[in-house]
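The next block is structure_15.txt, given as compact mmCIF, C-alpha atoms and all ligand atoms.
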# COMPACT_ATOMS: atom_id res chain seq x y z
CA MET U 81 24.72 -39.23 18.56
CA ALA U 82 27.78 -41.06 17.19
CA GLU U 83 26.54 -44.24 18.86
CA LEU U 84 23.13 -43.83 17.32
CA THR U 85 24.63 -43.50 13.83
CA LEU U 86 26.65 -46.68 14.39
CA VAL U 87 23.57 -48.63 15.42
CA GLU U 88 21.64 -47.25 12.47
CA SER U 89 24.23 -48.27 9.87
CA ASN U 90 24.45 -51.80 11.30
CA ALA U 91 20.70 -52.08 11.36
CA THR U 92 20.40 -50.91 7.77
CA SER U 93 22.69 -53.60 6.40
CA ASP U 94 20.89 -56.29 8.42
CA LEU U 95 17.43 -55.07 7.43
CA SER U 96 18.07 -54.97 3.71
CA ALA U 97 18.78 -58.71 3.85
CA LEU U 98 15.60 -59.31 5.81
CA ARG U 99 13.22 -57.06 3.93
CA ARG U 100 10.28 -58.56 2.08
CA SER U 101 8.57 -56.76 -0.79
CA PRO U 102 4.79 -56.23 -0.55
CA ALA U 103 4.01 -58.76 -3.33
CA ALA U 104 6.89 -61.20 -2.80
CA HIS U 105 4.42 -63.93 -1.81
CA LEU U 106 2.63 -63.55 -5.17
CA ALA U 107 5.66 -64.20 -7.41
CA GLU U 108 4.48 -67.72 -8.25
CA LEU U 109 0.94 -66.55 -8.92
CA PHE U 110 2.26 -63.88 -11.31
CA GLU U 111 4.43 -66.37 -13.12
CA GLY U 112 1.55 -68.81 -13.48
CA ALA U 113 -0.80 -66.08 -14.72
CA SER U 114 1.60 -64.78 -17.37
CA VAL U 115 0.72 -65.74 -20.92
CA GLU U 116 3.03 -66.01 -23.94
CA GLY U 117 2.19 -65.37 -27.56
CA GLU U 118 0.12 -63.10 -29.72
CA ARG U 119 -2.37 -62.27 -26.96
CA GLY U 120 0.19 -62.60 -24.23
CA VAL U 121 0.50 -60.59 -21.06
CA GLY U 122 3.10 -60.79 -18.32
CA LEU U 123 3.14 -59.53 -14.75
CA ARG U 124 5.95 -59.17 -12.26
CA GLU U 125 6.84 -57.13 -9.23
CA ILE U 126 9.89 -54.87 -9.36
CA PRO U 127 10.64 -54.61 -5.65
CA PHE U 128 12.45 -51.96 -3.63
CA GLN U 129 12.59 -49.12 -6.11
CA THR U 130 13.74 -45.84 -4.64
CA MET U 131 10.92 -43.27 -4.61
CA VAL U 132 11.30 -39.76 -3.29
CA GLY U 133 8.33 -37.43 -3.02
CA LEU U 134 8.91 -33.76 -3.76
CA ARG U 135 6.66 -30.82 -2.96
CA VAL U 136 7.95 -27.56 -4.35
CA THR U 137 6.69 -24.58 -6.35
CA GLN U 138 7.61 -24.87 -10.04
CA ALA U 139 10.28 -22.47 -11.28
CA SER U 140 11.15 -21.28 -7.76
CA ASP U 141 14.77 -21.05 -6.61
CA ALA U 142 14.28 -24.23 -4.57
CA ALA U 143 12.89 -26.03 -7.63
CA GLN U 144 15.92 -25.02 -9.64
CA ARG U 145 18.27 -26.34 -6.96
CA LEU U 146 16.37 -29.65 -6.90
CA GLU U 147 16.54 -29.84 -10.68
CA LYS U 148 20.30 -29.39 -10.51
CA VAL U 149 20.63 -32.36 -8.13
CA LEU U 150 18.23 -34.43 -10.23
CA GLY U 151 20.04 -33.55 -13.44
CA THR U 152 16.68 -32.93 -15.11
CA LEU U 153 13.85 -30.41 -15.08
CA LEU U 154 10.71 -31.10 -13.07
CA PRO U 155 7.85 -32.13 -15.39
CA ASP U 156 5.63 -29.12 -16.04
CA ALA U 157 2.25 -30.63 -16.86
CA HIS U 158 -0.17 -33.43 -16.14
CA GLY U 159 1.03 -36.82 -17.41
CA ARG U 160 4.59 -35.73 -18.09
CA VAL U 161 7.72 -37.57 -17.00
CA THR U 162 11.25 -36.22 -17.20
CA ALA U 163 14.25 -38.51 -17.02
CA GLU U 164 18.00 -38.46 -16.77
CA SER U 165 20.43 -41.37 -16.28
CA GLY U 166 18.03 -43.88 -14.78
CA ARG U 167 16.20 -41.27 -12.72
CA SER U 168 12.62 -40.42 -13.64
CA VAL U 169 10.49 -37.62 -12.25
CA LEU U 170 6.71 -38.09 -12.47
CA TRP U 171 4.21 -35.22 -12.34
CA LEU U 172 1.61 -35.88 -9.61
CA GLY U 173 0.28 -32.35 -9.20
CA PRO U 174 1.26 -28.76 -10.00
CA ASP U 175 3.60 -28.76 -6.99
CA GLU U 176 4.01 -32.49 -6.35
CA PHE U 177 6.44 -34.90 -8.01
CA LEU U 178 7.75 -38.41 -7.53
CA VAL U 179 11.34 -39.38 -8.29
CA VAL U 180 11.73 -43.06 -9.22
CA THR U 181 15.15 -44.66 -9.54
CA ASP U 182 17.26 -47.67 -8.62
CA GLU U 183 19.96 -45.72 -6.82
CA ASP U 184 20.39 -45.61 -3.06
CA HIS U 185 17.35 -44.01 -1.44
CA SER U 186 19.07 -42.44 1.56
CA GLN U 187 21.79 -40.75 -0.46
CA LEU U 188 19.37 -39.27 -2.96
CA THR U 189 16.97 -38.12 -0.24
CA ARG U 190 19.83 -36.47 1.63
CA ALA U 191 21.11 -34.68 -1.48
CA LEU U 192 17.63 -33.38 -2.34
CA THR U 193 16.89 -32.35 1.24
CA GLU U 194 20.10 -30.35 1.31
CA ALA U 195 19.21 -28.71 -1.99
CA LEU U 196 15.78 -27.66 -0.72
CA GLN U 197 17.48 -25.85 2.19
CA ALA U 198 14.96 -24.11 4.43
CA ASP U 199 12.66 -23.16 1.56
CA HIS U 200 8.97 -23.92 1.42
CA GLY U 201 8.51 -27.50 0.23
CA SER U 202 9.35 -31.06 1.21
CA VAL U 203 11.56 -33.99 0.27
CA VAL U 204 10.37 -37.32 1.68
CA ASP U 205 11.77 -40.80 1.16
CA LEU U 206 8.65 -42.70 0.03
CA SER U 207 10.44 -45.86 -1.10
CA ALA U 208 8.40 -48.08 1.21
CA ASN U 209 5.12 -46.33 0.37
CA ARG U 210 4.50 -48.13 -2.92
CA THR U 211 5.70 -51.15 -4.81
CA THR U 212 6.01 -51.49 -8.57
CA PHE U 213 4.20 -53.89 -10.86
CA GLU U 214 5.21 -54.28 -14.46
CA LEU U 215 2.50 -55.39 -16.87
CA ILE U 216 3.70 -56.12 -20.40
CA GLY U 217 2.52 -57.71 -23.61
CA PRO U 218 -0.02 -57.29 -26.43
CA SER U 219 -2.95 -57.82 -24.01
CA ALA U 220 -1.66 -55.57 -21.22
CA ARG U 221 -3.98 -52.72 -22.23
CA GLU U 222 -7.01 -55.01 -22.31
CA VAL U 223 -6.21 -56.24 -18.81
CA LEU U 224 -6.02 -52.66 -17.50
CA GLU U 225 -9.19 -51.65 -19.32
CA LYS U 226 -11.18 -54.07 -17.15
CA GLY U 227 -10.69 -51.81 -14.16
CA CYS U 228 -9.31 -48.44 -15.18
CA PRO U 229 -11.68 -45.51 -15.93
CA LEU U 230 -9.15 -43.76 -18.20
CA ASP U 231 -9.15 -43.96 -21.97
CA LEU U 232 -6.06 -46.11 -22.51
CA HIS U 233 -6.23 -46.11 -26.30
CA PRO U 234 -2.74 -45.23 -27.63
CA ARG U 235 -4.31 -42.26 -29.46
CA VAL U 236 -5.06 -40.76 -26.04
CA PHE U 237 -2.78 -42.45 -23.52
CA LYS U 238 0.64 -42.15 -25.09
CA GLU U 239 3.90 -43.84 -24.31
CA GLY U 240 5.82 -41.91 -21.66
CA THR U 241 2.69 -40.73 -19.83
CA ALA U 242 2.24 -41.22 -16.09
CA VAL U 243 -0.99 -40.39 -14.25
CA ASN U 244 -2.78 -40.90 -10.99
CA THR U 245 -5.80 -43.12 -11.52
CA ASN U 246 -7.61 -46.22 -10.24
CA ILE U 247 -7.26 -49.85 -11.24
CA GLY U 248 -9.79 -52.23 -9.73
CA HIS U 249 -10.81 -49.35 -7.42
CA VAL U 250 -7.26 -49.12 -6.07
CA PRO U 251 -5.59 -45.69 -6.35
CA VAL U 252 -2.38 -46.12 -8.34
CA ILE U 253 0.10 -44.26 -10.46
CA LEU U 254 0.01 -45.71 -13.96
CA TRP U 255 2.98 -45.11 -16.24
CA LYS U 256 3.10 -46.27 -19.83
CA THR U 257 6.80 -46.87 -20.38
CA ALA U 258 6.58 -48.47 -23.85
CA PRO U 259 3.80 -49.30 -26.36
CA GLU U 260 3.03 -52.59 -24.59
CA SER U 261 4.54 -51.95 -21.19
CA TYR U 262 3.04 -50.38 -18.08
CA ARG U 263 4.39 -49.69 -14.63
CA ILE U 264 1.77 -49.66 -11.89
CA TYR U 265 2.49 -48.20 -8.46
CA PRO U 266 -0.01 -49.24 -5.79
CA ARG U 267 0.54 -48.40 -2.15
CA SER U 268 2.12 -51.34 -0.34
CA SER U 269 -1.00 -52.29 1.59
CA PHE U 270 -2.93 -52.58 -1.70
CA ALA U 271 -0.26 -54.67 -3.45
CA ASP U 272 -1.76 -58.02 -2.47
CA TYR U 273 -5.28 -57.11 -3.58
CA LEU U 274 -4.20 -55.44 -6.82
CA GLY U 275 -1.73 -58.24 -7.64
CA ARG U 276 -4.48 -60.84 -7.31
CA TRP U 277 -6.91 -58.61 -9.24
CA LEU U 278 -4.46 -58.30 -12.14
CA ALA U 279 -3.64 -62.03 -12.14
CA ASP U 280 -7.38 -62.74 -12.25
CA ALA U 281 -7.92 -60.24 -15.08
CA MET U 282 -5.17 -62.00 -17.05
CA GLY U 283 -6.91 -65.35 -16.74
CA GLU U 284 -9.02 -65.10 -19.89
CA PHE U 285 -5.98 -64.65 -22.11
CA ALA U 286 -4.47 -67.90 -20.82
CA ALA U 287 -7.78 -69.60 -21.51
CA LEU U 288 -7.85 -68.27 -25.07
CA ASP U 289 -4.31 -69.49 -25.54
CA GLN U 290 -5.26 -73.01 -24.49
CA PHE U 291 -8.34 -72.89 -26.66
CA ALA U 292 -6.22 -72.00 -29.69
CA VAL U 293 -3.95 -74.97 -28.97
CA LEU U 294 -6.96 -77.29 -28.73
CA GLU U 295 -8.33 -76.06 -32.03
CA THR U 296 -5.09 -76.70 -33.86
CA PRO U 297 -5.38 -80.11 -35.52
CA MET L 141 -21.52 -40.70 -14.53
CA ILE L 142 -20.52 -37.13 -15.24
CA GLN L 143 -17.09 -36.02 -16.32
CA ILE L 144 -15.47 -33.08 -14.60
CA GLN L 145 -12.79 -30.96 -16.19
CA CYS L 146 -9.94 -30.73 -13.69
CA PRO L 147 -7.99 -27.52 -14.36
CA ASN L 148 -4.76 -29.51 -13.95
CA CYS L 149 -5.55 -32.95 -15.35
CA GLY L 150 -8.31 -32.45 -17.90
CA PRO L 151 -11.59 -34.39 -18.05
CA ARG L 152 -11.88 -37.19 -15.51
CA ASP L 153 -14.71 -39.32 -14.16
CA GLU L 154 -16.72 -37.92 -11.29
CA THR L 155 -15.59 -40.82 -9.06
CA GLU L 156 -12.09 -39.33 -8.91
CA PHE L 157 -13.43 -36.16 -7.27
CA HIS L 158 -14.53 -35.12 -3.83
CA TYR L 159 -17.34 -32.62 -3.40
CA GLY L 160 -16.72 -29.59 -1.23
CA GLY L 161 -20.06 -27.78 -1.14
CA GLN L 162 -20.85 -24.17 -1.94
CA ALA L 163 -17.96 -21.98 -3.09
CA HIS L 164 -17.21 -18.42 -2.01
CA VAL L 165 -18.25 -18.90 1.60
CA ALA L 166 -15.72 -16.62 3.26
CA TYR L 167 -14.35 -17.45 6.67
CA PRO L 168 -15.61 -14.78 9.14
CA GLU L 169 -13.02 -12.12 9.75
CA ASN L 170 -13.51 -12.16 13.46
CA PRO L 171 -15.23 -15.41 14.54
CA ASP L 172 -15.01 -14.44 18.24
CA ALA L 173 -17.30 -11.50 17.60
CA LEU L 174 -20.11 -13.64 16.14
CA SER L 175 -23.19 -14.70 18.05
CA ASP L 176 -23.96 -18.43 18.15
CA GLU L 177 -26.61 -17.89 15.53
CA GLU L 178 -24.24 -16.07 13.19
CA TRP L 179 -21.58 -18.75 13.65
CA ALA L 180 -24.14 -21.48 12.94
CA ARG L 181 -25.22 -19.59 9.87
CA TYR L 182 -21.63 -19.55 8.62
CA LEU L 183 -21.14 -23.25 9.36
CA PHE L 184 -24.40 -24.79 8.23
CA TYR L 185 -26.44 -22.44 6.06
CA ARG L 186 -25.96 -22.84 2.31
CA GLU L 187 -27.92 -21.81 -0.72
CA ASN L 188 -30.15 -24.40 -2.31
CA THR L 189 -30.03 -23.08 -5.85
CA LYS L 190 -32.06 -24.47 -8.70
CA GLY L 191 -29.79 -23.70 -11.65
CA GLN L 192 -26.25 -22.35 -11.81
CA TYR L 193 -24.42 -23.09 -8.58
CA ALA L 194 -20.80 -22.26 -7.73
CA GLU L 195 -19.26 -25.10 -5.78
CA ARG L 196 -15.93 -26.49 -4.65
CA TRP L 197 -14.43 -29.72 -5.91
CA SER L 198 -11.20 -31.53 -5.10
CA HIS L 199 -9.51 -33.87 -7.55
CA SER L 200 -8.78 -36.27 -4.69
CA GLY L 201 -8.00 -39.23 -6.95
CA GLY L 202 -5.63 -37.24 -9.15
CA CYS L 203 -3.66 -34.06 -8.54
CA ARG L 204 -5.34 -33.56 -5.13
CA LYS L 205 -6.01 -29.88 -5.81
CA TRP L 206 -9.14 -27.86 -4.99
CA PHE L 207 -10.90 -25.78 -7.60
CA ASN L 208 -14.30 -24.22 -8.22
CA ALA L 209 -16.94 -25.14 -10.76
CA ILE L 210 -20.26 -23.68 -11.89
CA ARG L 211 -22.70 -26.55 -12.14
CA ASP L 212 -26.35 -26.42 -13.09
CA THR L 213 -28.11 -28.32 -10.33
CA VAL L 214 -30.93 -29.23 -12.74
CA THR L 215 -28.99 -30.48 -15.76
CA TYR L 216 -25.68 -31.29 -14.06
CA ARG L 217 -23.98 -29.39 -16.87
CA ILE L 218 -20.72 -27.81 -15.71
CA SER L 219 -20.32 -24.51 -17.54
CA ALA L 220 -17.10 -23.21 -16.00
CA VAL L 221 -14.14 -24.39 -13.98
CA TYR L 222 -11.87 -21.83 -12.29
CA PRO L 223 -9.17 -21.63 -9.63
CA ALA L 224 -10.02 -21.51 -5.94
CA GLY L 225 -9.77 -17.90 -4.84
CA ALA L 226 -10.76 -16.46 -8.23
CA PRO L 227 -14.05 -14.54 -8.49
CA ARG L 228 -17.12 -16.32 -9.78
CA PRO L 229 -17.43 -15.99 -13.56
CA ASP L 230 -20.66 -14.47 -14.77
CA ILE L 231 -22.62 -17.20 -16.51
CA ALA L 232 -26.35 -16.86 -17.00
CA SER L 233 -28.62 -19.86 -17.06
CA THR L 234 -29.62 -20.46 -20.67
CA GLN L 235 -33.20 -20.70 -21.81
CA ALA L 236 -32.60 -24.15 -23.28
CA GLU L 237 -31.56 -25.50 -19.92
CA THR L 238 -34.60 -24.01 -18.26
CA ASN L 239 -36.83 -25.67 -20.85
CA ASN L 240 -35.05 -28.96 -20.31
CA ALA L 241 -35.81 -28.69 -16.62
CA ALA L 242 -39.48 -28.00 -17.30
CA ALA L 243 -39.61 -31.16 -19.39
CA GLY L 244 -38.52 -33.18 -16.37
CA GLY L 245 -34.79 -33.27 -17.05
CA THR L 246 -33.83 -33.69 -13.42
CA LYS L 247 -31.38 -36.30 -12.23
ZN ZN U 301 -6.47 -32.98 -11.25

How does the structure come out when it is put into structure tokens?
Amino acid sequence: MAELTLVESNATSDLSALRRSPAAHLAELFEGASVEGERGVGLREIPFQTMVGLRVTQASDAAQRLEKVLGTLLPDAHGRVTAESGRSVLWLGPDEFLVVTDEDHSQLTRALTEALQADHGSVVDLSANRTTFELIGPSAREVLEKGCPLDLHPRVFKEGTAVNTNIGHVPVILWKTAPESYRIYPRSSFADYLGRWLADAMGEFAALDQFAVLETP
Amino acid sequence: MIQIQCPNCGPRDETEFHYGGQAHVAYPENPDALSDEEWARYLFYRENTKGQYAERWSHSGGCRKWFNAIRDTVTYRISAVYPAGAPRPDIASTQAETNNAAAGGTK
């Protein structure tokens, strides 16, 4: 067992240098597709975020222990996100939550697993399950509206809301982090398709930008 | 496209949901005691209601939870949404809906 642990820790340090994010090959495409200005929109991948999936009954003893480790309450309704010191907890269902953070995934998963004890529920390190796209700018909403069935008008879809939905037929978690800023979490195997879909949807705003330059005498 | 009121997430497009057939079909208490015919009846026989129909839906593209809904199979109007396991609410088919059906309001 001690030997196994040794091998594992060596492997972990080697692997983190070798790892490739699901949309790493699209970085140039994203940069090229990003548009500055009044109708601007920008896209980038935020790779390797720590994500831990929680299944637990709200307000149970186990939930309270998890909340203590998290330093924040679990969100109690659809769309809600709770946060504490760089750690966000997204509501995915009445008994399902996703913790998103930059801290070390194995340490956090271990701490939460220990807090759950033998109670009914689960703590799973899902960091490799999804990647993160950040879509920002005045035209970000219009880009999303081309392929998202939700009403994204700020009157309805408010800053700080995170929901499960589809973009370009791809199931994603969509989180509005600021008035013109969205985080999109597709599963890794969909990252290539969705990344290209978003870059394509951004195309018209670049075209408009060029058109405006041409029109200027 | 119809919108379905998920008890957890609110109104969402039909495409986010998965249909689960007739609600309140209880699993036989002692399946071993059933004849083949009775077992087949449990597995395959469902009502084919014209009007208010209690059925199961799963919000597969959202919170992934099952719930029940009363849907009018003629108008597609969903008149009630309630938790799986709860008894069927008593909702009578309205006259207006029946008239609508007579006028060819099928989908
Ligand atoms: Zn739902």

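Any residue of chain U with an atom within 8 Å of chain L counts; using all atoms listed in the file, that gives Ala157, His158, Gly159, Leu172, Gly173, Pro174, Pro229, Leu230, Val243, Asn244, Thr245, Asn246 and Pro251 of chain U.
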
Proximity to ligand ZN 301 (chain U) - best of L:Val221, L:Leu183, L:Ala226, L:Leu174, only C-alpha atoms and all ligand atoms: L:Val221

Taking all atoms of stretch 190-202 of chain L that appear in the file, build a box with edges along x, y and z, extend it by 8 Å on every side, and state its centre and edge lengths in Å to one decimal, as lines of an AutoDock Vina configuration file.
center_x = -18.8
center_y = -30.7
center_z = -8.2
size_x = 42.4
size_y = 33.0
size_z = 23.2

All residues 12 Å or closer to L:Tyr167, all atoms listed in the file, same chain fewer than 5 positions away omitted, as a ChimeraX atom specification: /L:172,174,178-179,181-183

Test item: residues at most 12 Å from stretch 260-264 of chain U, all atoms listed in the file, excluding those fewer than 4 positions along its chain, as a PyMOL selection string: chain U and resi 119-127+129+180+210-224+228+232-234+237-247+250-256+268+270-271+274-275+278

With C-alpha atoms retained, export the selected residues as an mmCIF file, in the coordinates of the input.
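Output (selection.cif):
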data_model
loop_
_atom_site.group_PDB
_atom_site.id
_atom_site.type_symbol
_atom_site.label_atom_id
_atom_site.label_comp_id
_atom_site.auth_asym_id
_atom_site.auth_seq_id
_atom_site.Cartn_x
_atom_site.Cartn_y
_atom_site.Cartn_z
ATOM 1 C CA ARG U 119 -2.370 -62.270 -26.960
ATOM 2 C CA GLY U 120 0.190 -62.600 -24.230
ATOM 3 C CA VAL U 121 0.500 -60.590 -21.060
ATOM 4 C CA GLY U 122 3.100 -60.790 -18.320
ATOM 5 C CA LEU U 123 3.140 -59.530 -14.750
ATOM 6 C CA ARG U 124 5.950 -59.170 -12.260
ATOM 7 C CA GLU U 125 6.840 -57.130 -9.230
ATOM 8 C CA ILE U 126 9.890 -54.870 -9.360
ATOM 9 C CA PRO U 127 10.640 -54.610 -5.650
ATOM 10 C CA GLN U 129 12.590 -49.120 -6.110
ATOM 11 C CA VAL U 180 11.730 -43.060 -9.220
ATOM 12 C CA ARG U 210 4.500 -48.130 -2.920
ATOM 13 C CA THR U 211 5.700 -51.150 -4.810
ATOM 14 C CA THR U 212 6.010 -51.490 -8.570
ATOM 15 C CA PHE U 213 4.200 -53.890 -10.860
ATOM 16 C CA GLU U 214 5.210 -54.280 -14.460
ATOM 17 C CA LEU U 215 2.500 -55.390 -16.870
ATOM 18 C CA ILE U 216 3.700 -56.120 -20.400
ATOM 19 C CA GLY U 217 2.520 -57.710 -23.610
ATOM 20 C CA PRO U 218 -0.020 -57.290 -26.430
ATOM 21 C CA SER U 219 -2.950 -57.820 -24.010
ATOM 22 C CA ALA U 220 -1.660 -55.570 -21.220
ATOM 23 C CA ARG U 221 -3.980 -52.720 -22.230
ATOM 24 C CA GLU U 222 -7.010 -55.010 -22.310
ATOM 25 C CA VAL U 223 -6.210 -56.240 -18.810
ATOM 26 C CA LEU U 224 -6.020 -52.660 -17.500
ATOM 27 C CA CYS U 228 -9.310 -48.440 -15.180
ATOM 28 C CA LEU U 232 -6.060 -46.110 -22.510
ATOM 29 C CA HIS U 233 -6.230 -46.110 -26.300
ATOM 30 C CA PRO U 234 -2.740 -45.230 -27.630
ATOM 31 C CA PHE U 237 -2.780 -42.450 -23.520
ATOM 32 C CA LYS U 238 0.640 -42.150 -25.090
ATOM 33 C CA GLU U 239 3.900 -43.840 -24.310
ATOM 34 C CA GLY U 240 5.820 -41.910 -21.660
ATOM 35 C CA THR U 241 2.690 -40.730 -19.830
ATOM 36 C CA ALA U 242 2.240 -41.220 -16.090
ATOM 37 C CA VAL U 243 -0.990 -40.390 -14.250
ATOM 38 C CA ASN U 244 -2.780 -40.900 -10.990
ATOM 39 C CA THR U 245 -5.800 -43.120 -11.520
ATOM 40 C CA ASN U 246 -7.610 -46.220 -10.240
ATOM 41 C CA ILE U 247 -7.260 -49.850 -11.240
ATOM 42 C CA VAL U 250 -7.260 -49.120 -6.070
ATOM 43 C CA PRO U 251 -5.590 -45.690 -6.350
ATOM 44 C CA VAL U 252 -2.380 -46.120 -8.340
ATOM 45 C CA ILE U 253 0.100 -44.260 -10.460
ATOM 46 C CA LEU U 254 0.010 -45.710 -13.960
ATOM 47 C CA TRP U 255 2.980 -45.110 -16.240
ATOM 48 C CA LYS U 256 3.100 -46.270 -19.830
ATOM 49 C CA SER U 268 2.120 -51.340 -0.340
ATOM 50 C CA PHE U 270 -2.930 -52.580 -1.700
ATOM 51 C CA ALA U 271 -0.260 -54.670 -3.450
ATOM 52 C CA LEU U 274 -4.200 -55.440 -6.820
ATOM 53 C CA GLY U 275 -1.730 -58.240 -7.640
ATOM 54 C CA LEU U 278 -4.460 -58.300 -12.140
#

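When atom CA of U:Ala103 is paired with atom CA of U:Tyr273, their separation reads 9.4 Å.
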
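Relative to atom CA of L:Phe207, atom CA of L:Tyr185 is found at 21.0 Å.
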
Which residues are near U:Ala279? Cut-off 9 Å, only C-alpha atoms, ignore same chain within fewer than 2 positions. Put them as a PDB file with C-alpha atoms, in the coordinates of the input.
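For reference, result_31.pdb as written:
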ATOM      1  CA  LEU U 109       0.940 -66.550  -8.920  1.00  0.00           C
ATOM      2  CA  PHE U 110       2.260 -63.880 -11.310  1.00  0.00           C
ATOM      3  CA  GLY U 112       1.550 -68.810 -13.480  1.00  0.00           C
ATOM      4  CA  ALA U 113      -0.800 -66.080 -14.720  1.00  0.00           C
ATOM      5  CA  SER U 114       1.600 -64.780 -17.370  1.00  0.00           C
ATOM      6  CA  LEU U 123       3.140 -59.530 -14.750  1.00  0.00           C
ATOM      7  CA  LEU U 274      -4.200 -55.440  -6.820  1.00  0.00           C
ATOM      8  CA  GLY U 275      -1.730 -58.240  -7.640  1.00  0.00           C
ATOM      9  CA  ARG U 276      -4.480 -60.840  -7.310  1.00  0.00           C
ATOM     10  CA  TRP U 277      -6.910 -58.610  -9.240  1.00  0.00           C
ATOM     11  CA  ALA U 281      -7.920 -60.240 -15.080  1.00  0.00           C
ATOM     12  CA  MET U 282      -5.170 -62.000 -17.050  1.00  0.00           C
ATOM     13  CA  GLY U 283      -6.910 -65.350 -16.740  1.00  0.00           C
TER      14      GLY U 283
END

Point-to-point distance from atom CA of U:Val115 to atom CA of U:Arg100, Å rounded to tenths: 25.9 Å

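If you measure from each of U:Glu118, U:Glu147, U:Asp175, U:Glu108 to ligand ZN 301 (chain U) using all atoms listed in the file, the closest one turns out to be U:Asp175.
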
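Each of L:Pro171, L:Pro223, L:Gly191, L:Pro229 was compared to ligand ZN 301 (chain U) using all atoms listed in the file, and L:Pro223 turns out to be the nearest.
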
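Proximity of L:Asp230, L:Asp212, L:Glu154, L:Glu195 to ligand ZN 301 (chain U), computed with only C-alpha atoms and all ligand atoms, is greatest for L:Glu154.
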
Nearest-residue call for ligand ZN 301 (chain U), choices L:Arg211, L:His158, L:Arg186, L:Arg228, using all atoms listed in the file: L:His158

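Counting only C-alpha atoms and all ligand atoms, the residue from U:Ala286, U:Asp141, U:Glu176, U:Met131 that sits nearest to ligand ZN 301 (chain U) is U:Glu176.
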